[in-house]
Amino acid sequence: MPLPHLPRTPRQIVLSLAAAALLAAGLSLILGVVRLWTQLPALDRVLHYQPRQPLQVFTADGVPIAQFGDENREFVPIEQIPRLLQQAVIAVEDRRFALHPGIDPVGIARALWANLDGELREGGSTITQQVARNFFLSRDRTLDRKLREALLALRIEHELDKPRILELYMNQIDLGQRSHGFAAAARTYFGKPLSALTLAETAMLAGLPQNPAWANPIVNPERAQQRQRQVLQRMERDGLITAEQRAEAQAQVLSIRRPTQAEVHAGHLADMARRWVVARLGESVYAQGYRIYTTVTAAEQIAAHAALRRSLLAQERTRPWRGPEGHEDLPASARGGALDRIATLALRDRQDDDDLRLAIVTAVQDDAVEARLADGHPIMIDRAGLQRLREAPPGTPGLTRGAVIRVERRSRTDPAGDDPAPQAPAFWSLAQWPQVDGALVALDPTDGRVRALVGGFDHVRSPLDRATAVWRPAGSALQPFLDSAALEQGVMPDSLISDVPLPGEEVQPTPTGATAPRVLTLRQAQLIDARHAAAQRLMHTGVDLTRDWLERFGFDRDRLPSDASLAAGRAGTTPMQLARAYSVLARDGGEPVAPNFVDRVTDARGVVIYRPPALPPGDPEQRVVPTRNVFLLGTMLQDHLQQGAAVPVRERLPRADLFARAGRTEQSDGWFAGYQRQVVTVAWIGSPAGLPPDAGALDASALARQTWIDFMQAALRQTEIALPGEVPEGLVRVGADWRYGEQALDASPRRIGPPEPEPLPALLPEGAGLMVTRY
């Protein structure tokens, strides 16, 4: 048998070897593809997509408060994603998405040419390949990974239709700032849902998938704008928008949401809700998309947060300026846009704030300072804004280029900055973080629903919840409950109490001047917080009996002193506990309400899986405090509104259905507590460590009162004034005041304390205790 003809020339030998090599490479590629095909993972993750969605917390009316979980994602079905956003993403990521079977040789060639030509940089991967990579593969730049990606894309296209693939992509893709998917990114960068995006915002989001770290509008605003312009150009080229629309979108100045910026500040409440649901459903809630709707409404929570901040900032303005927060190096040659970028980068790891804006000094003049905010915006601090620097104590560090400071926007017509006139010119002023803090709690006394809760000035800076977890002396805010115990022991509002120290008790300054009164009625003593009279009343009532009685209001017996210091209000309490105690008065003596801060819980589909049971209607026969007792306490609380420390309440809230009083402690804490039939509110201003010596010129109790008034104005804006009810049975009017019926037969008031006291001249107009009836 003849042998086959073999090549004899060198050319033929080279060609034969090349053909053999190509054949071997082809066979190896085919075998490799076959091997990889058999090793591809199952497509369950895309066929049965279960996105990791964070635990989200909302107000009762659906406004986002916070979210918890590794990934910030909000799943949105493809039919609810705006068509223009879908088109923008396809235009820049995969122009032939509707035509290819998962891989696109034409697109790869076009991308290579565009990159070489210096145009908009395109990747060769299709949207389907990116889905394969995001769900199943790493980002290693190896041939093996690219082959797996292409094969998975072909399989995905075989199993799923184009809309479903696009839905997976737009909900799964990483878009920076821990945001996964376009819905989460829209809220992260612009604070709005997809349906509210403008064309300019749509283009900026569509430009993120290629490199979210490079084009992040928070970290790199200029790069984000550059990428946005490229997206708009591509949209115009593909006929999705007109040249006029492109120009208008490019000219729009976008408001980028800062990481700490929120529509509703309720971080402490969100933490409470998170702990509550995790205790019941376990740690898996962080990835299953559960939604907790709290009991607060957005309007009231915003009002509460603003009220507390306004008071604390007003107090901080009376304190000496402590100097810059820090210093960053700014190159002397940096100017214009370069300086903006450097300043932004220098401040990016520091916390900005809605009111106390973070800034860095860029130039110091004789009577002014130039600075850049954390977002790069230039500002000028003029002479008025530098007043605190001029008044700072000797040794306070001054301002130099690179100094990191806090600034706030204020009105020139309002020295305190509390209530700026809308038409007044505003200016930037030096500011600083308050060293004193506070809290506010508001409850619905009918069912215990939390209407507002603010646990401190700033949750990010201090997650400690001062509304529920910080125990402070109640001070004179405890007096109504001590009075309640005394009433049950026959001490009536007109009873005479010696305002003299107990044996061994330190003499306290009197509130009425240099000459100490020898005797006060109970009504007078509670109005002026007479310390010695309070101790005499407590000793008459009995310390143990009083502690027993205070338990009826929800106070912890273990935190109630067992000696005369109870009269000074040294009992430890929290704003939440104190609000529960005052709820007994708002409920006409009914049991203290159990606070409820969860309205409902839903799963990721919106199905309600929990709603707290409704409280049974109150039983008039089941009261922890007699109605007549509550009525008399109400008349004494309203004395404070008529001529006590609560008088400013009447000036701004001229309602006859309010009951309130201020409270002070030996540690200079300030309390203000009160109620209307539909809301109980307690405000506290102070510091867990006590107020520092330079705490400022404003009284903490007055600040708490201002906080209370500001919130109650908002809370009661739509609430009609309650009509007075009937005087409870068992009360008799004796002279200018009320007594229990069994005490009315006494010809003269009961006397408590050392004998033969000298009466104090009347502090109240005659009949003041009769001006109030039950609401």
# chains A, B, ... in the order shown; residues from 1 in each chain; ligands from 1
call {"tool": "residues_around", "arguments": {"residues": "Phe68 in chain A", "least_positions_apart": "4", "cutoff": "10 Å", "atoms": "only C-alpha atoms", "output": "ChimeraX atom specification"}}
result
/A:53-57,72,270-271,274,285-287,289
call {"tool": "residues_around", "arguments": {"residues": "Asp352 in chain A", "least_positions_apart": "4", "cutoff": "8 Å", "atoms": "only C-alpha atoms", "output": "PyMOL selection string"}}
result
chain A and resi 258+260+356-358+374
call {"tool": "write_last_selection", "arguments": {"atoms": "N, CA and C atoms", "output": "mmCIF file, in the first residue's frame"}}
result
data_model
loop_
_atom_site.group_PDB
_atom_site.id
_atom_site.type_symbol
_atom_site.label_atom_id
_atom_site.label_comp_id
_atom_site.auth_asym_id
_atom_site.auth_seq_id
_atom_site.Cartn_x
_atom_site.Cartn_y
_atom_site.Cartn_z
ATOM 1 N N ARG A 258 -26.660 63.643 51.211
ATOM 2 C CA ARG A 258 -25.509 63.252 52.027
ATOM 3 C C ARG A 258 -25.802 61.948 52.753
ATOM 4 N N THR A 260 -25.600 61.041 55.793
ATOM 5 C CA THR A 260 -26.303 61.159 57.065
ATOM 6 C C THR A 260 -27.641 61.871 56.931
ATOM 7 N N LEU A 356 -25.509 71.308 61.744
ATOM 8 C CA LEU A 356 -24.126 71.686 62.008
ATOM 9 C C LEU A 356 -23.267 71.178 60.858
ATOM 10 N N ARG A 357 -23.150 71.994 59.816
ATOM 11 C CA ARG A 357 -22.469 71.560 58.604
ATOM 12 C C ARG A 357 -20.959 71.496 58.829
ATOM 13 N N LEU A 358 -20.386 70.450 58.282
ATOM 14 C CA LEU A 358 -18.940 70.257 58.348
ATOM 15 C C LEU A 358 -18.274 71.121 57.278
ATOM 16 N N ALA A 374 -18.587 70.100 53.218
ATOM 17 C CA ALA A 374 -18.170 68.727 52.901
ATOM 18 C C ALA A 374 -18.533 68.335 51.478
#
call {"tool": "residues_around", "arguments": {"residues": "range 173-186 of chain A", "least_positions_apart": "2", "cutoff": "10 Å", "atoms": "only C-alpha atoms", "output": "PyMOL selection string"}}
result
chain A and resi 51-53+69-76+81+85+130-131+134-135+167-171+188-197+201-202+204-219+257+259
call {"tool": "write_last_selection", "arguments": {"atoms": "C-alpha atoms", "output": "PDB file, in the first residue's frame"}}
result
ATOM      1  CA  PRO A  51     -33.003  38.974  46.650  1.00  0.00           C
ATOM      2  CA  ARG A  52     -31.287  39.762  49.931  1.00  0.00           C
ATOM      3  CA  GLN A  53     -33.348  42.684  51.094  1.00  0.00           C
ATOM      4  CA  GLY A  69     -28.580  44.506  56.670  1.00  0.00           C
ATOM      5  CA  ASP A  70     -25.453  43.785  54.657  1.00  0.00           C
ATOM      6  CA  GLU A  71     -26.993  44.983  51.388  1.00  0.00           C
ATOM      7  CA  ASN A  72     -29.143  47.986  50.736  1.00  0.00           C
ATOM      8  CA  ARG A  73     -31.660  46.728  48.196  1.00  0.00           C
ATOM      9  CA  GLU A  74     -35.274  47.474  47.333  1.00  0.00           C
ATOM     10  CA  PHE A  75     -36.670  44.984  44.841  1.00  0.00           C
ATOM     11  CA  VAL A  76     -38.831  46.557  42.117  1.00  0.00           C
ATOM     12  CA  ILE A  81     -39.132  50.486  36.710  1.00  0.00           C
ATOM     13  CA  LEU A  85     -34.322  54.300  32.984  1.00  0.00           C
ATOM     14  CA  GLN A 130     -23.100  40.765  33.864  1.00  0.00           C
ATOM     15  CA  VAL A 131     -26.049  38.943  35.453  1.00  0.00           C
ATOM     16  CA  ASN A 134     -22.984  39.058  39.595  1.00  0.00           C
ATOM     17  CA  PHE A 135     -24.837  35.902  40.612  1.00  0.00           C
ATOM     18  CA  GLU A 167     -35.194  42.881  36.046  1.00  0.00           C
ATOM     19  CA  LEU A 168     -32.519  40.713  37.660  1.00  0.00           C
ATOM     20  CA  TYR A 169     -29.791  43.060  36.479  1.00  0.00           C
ATOM     21  CA  MET A 170     -31.469  46.269  37.653  1.00  0.00           C
ATOM     22  CA  ASN A 171     -32.212  44.876  41.101  1.00  0.00           C
ATOM     23  CA  THR A 188     -29.278  56.701  48.486  1.00  0.00           C
ATOM     24  CA  TYR A 189     -28.181  59.435  46.098  1.00  0.00           C
ATOM     25  CA  PHE A 190     -31.375  61.458  45.615  1.00  0.00           C
ATOM     26  CA  GLY A 191     -33.675  60.453  48.474  1.00  0.00           C
ATOM     27  CA  LYS A 192     -36.576  59.574  46.161  1.00  0.00           C
ATOM     28  CA  PRO A 193     -38.232  56.555  44.507  1.00  0.00           C
ATOM     29  CA  LEU A 194     -37.552  55.565  40.894  1.00  0.00           C
ATOM     30  CA  SER A 195     -40.861  57.028  39.768  1.00  0.00           C
ATOM     31  CA  ALA A 196     -39.759  60.536  40.826  1.00  0.00           C
ATOM     32  CA  LEU A 197     -36.407  60.633  38.977  1.00  0.00           C
ATOM     33  CA  GLU A 201     -30.919  61.881  37.712  1.00  0.00           C
ATOM     34  CA  THR A 202     -31.810  58.921  35.498  1.00  0.00           C
ATOM     35  CA  MET A 204     -26.458  59.763  36.433  1.00  0.00           C
ATOM     36  CA  LEU A 205     -27.745  56.459  37.826  1.00  0.00           C
ATOM     37  CA  ALA A 206     -27.451  54.742  34.443  1.00  0.00           C
ATOM     38  CA  GLY A 207     -23.779  55.697  34.344  1.00  0.00           C
ATOM     39  CA  LEU A 208     -22.938  53.972  37.627  1.00  0.00           C
ATOM     40  CA  PRO A 209     -22.781  50.230  36.706  1.00  0.00           C
ATOM     41  CA  GLN A 210     -19.560  50.546  34.712  1.00  0.00           C
ATOM     42  CA  ASN A 211     -17.578  51.739  37.756  1.00  0.00           C
ATOM     43  CA  PRO A 212     -19.643  52.907  40.750  1.00  0.00           C
ATOM     44  CA  ALA A 213     -16.551  53.723  42.804  1.00  0.00           C
ATOM     45  CA  TRP A 214     -15.146  55.989  40.073  1.00  0.00           C
ATOM     46  CA  ALA A 215     -18.429  57.771  39.224  1.00  0.00           C
ATOM     47  CA  ASN A 216     -19.937  57.909  42.731  1.00  0.00           C
ATOM     48  CA  PRO A 217     -21.785  61.266  42.953  1.00  0.00           C
ATOM     49  CA  ILE A 218     -21.181  61.495  46.719  1.00  0.00           C
ATOM     50  CA  VAL A 219     -17.439  60.835  46.642  1.00  0.00           C
ATOM     51  CA  ARG A 257     -28.203  63.403  49.356  1.00  0.00           C
ATOM     52  CA  PRO A 259     -24.984  59.870  53.716  1.00  0.00           C
TER      53      PRO A 259
END
call {"tool": "atom_distance", "arguments": {"atom1": "CA of Ile78 in chain A", "atom2": "CA of Glu157 in chain A"}}
result
16.7 Å
call {"tool": "select_by_dssp", "arguments": {"residues": "range 634-666 of chain A", "states": "helix (DSSP H, G or I)", "output": "PyMOL selection string"}}
result
chain A and resi 634-643+647-652
call {"tool": "write_last_selection", "arguments": {"atoms": "C-alpha atoms", "output": "PDB file, in the first residue's frame"}}
result
ATOM      1  CA  GLY A 634     -55.041  68.553  87.571  1.00  0.00           C
ATOM      2  CA  THR A 635     -56.047  71.775  89.311  1.00  0.00           C
ATOM      3  CA  MET A 636     -52.558  72.060  90.812  1.00  0.00           C
ATOM      4  CA  LEU A 637     -50.866  71.353  87.488  1.00  0.00           C
ATOM      5  CA  GLN A 638     -52.909  74.096  85.884  1.00  0.00           C
ATOM      6  CA  ASP A 639     -51.731  76.483  88.608  1.00  0.00           C
ATOM      7  CA  HIS A 640     -48.308  76.137  86.958  1.00  0.00           C
ATOM      8  CA  LEU A 641     -49.838  77.245  83.662  1.00  0.00           C
ATOM      9  CA  GLN A 642     -51.476  80.261  85.308  1.00  0.00           C
ATOM     10  CA  GLN A 643     -48.575  81.691  87.278  1.00  0.00           C
ATOM     11  CA  VAL A 647     -46.813  80.238  82.068  1.00  0.00           C
ATOM     12  CA  PRO A 648     -45.088  80.467  78.626  1.00  0.00           C
ATOM     13  CA  VAL A 649     -47.150  77.458  77.577  1.00  0.00           C
ATOM     14  CA  ARG A 650     -50.350  79.502  77.816  1.00  0.00           C
ATOM     15  CA  GLU A 651     -48.810  82.274  75.718  1.00  0.00           C
ATOM     16  CA  ARG A 652     -48.038  79.972  72.780  1.00  0.00           C
TER      17      ARG A 652
END
call {"tool": "residues_around", "arguments": {"residues": "Glu408 in chain A", "least_positions_apart": "6", "cutoff": "7 Å", "atoms": "only C-alpha atoms", "output": "compact mmCIF listing (two decimals) with N, CA, C and O atoms, in the first residue's frame"}}
result
# COMPACT_ATOMS: atom_id res chain seq x y z
N ASP A 355 -27.80 70.31 60.35
CA ASP A 355 -27.78 71.64 60.96
C ASP A 355 -26.37 72.16 61.19
O ASP A 355 -26.06 73.31 60.88
N LEU A 356 -25.51 71.31 61.74
CA LEU A 356 -24.13 71.69 62.01
C LEU A 356 -23.27 71.18 60.86
O LEU A 356 -22.72 70.08 60.90
N ARG A 357 -23.15 71.99 59.82
CA ARG A 357 -22.47 71.56 58.60
C ARG A 357 -20.96 71.50 58.83
O ARG A 357 -20.36 72.36 59.46
N TRP A 428 -23.57 82.56 57.50
CA TRP A 428 -22.92 81.39 58.07
C TRP A 428 -22.20 81.80 59.34
O TRP A 428 -21.50 82.81 59.38
N SER A 429 -22.38 80.99 60.39
CA SER A 429 -21.78 81.30 61.69
C SER A 429 -21.03 80.09 62.23
O SER A 429 -21.43 78.94 62.00
N LEU A 430 -19.96 80.34 62.96
CA LEU A 430 -19.26 79.26 63.64
C LEU A 430 -20.22 78.55 64.60
O LEU A 430 -21.06 79.19 65.25
N ALA A 431 -20.07 77.24 64.72
CA ALA A 431 -20.92 76.46 65.60
C ALA A 431 -20.10 75.33 66.19
O ALA A 431 -18.90 75.17 65.88
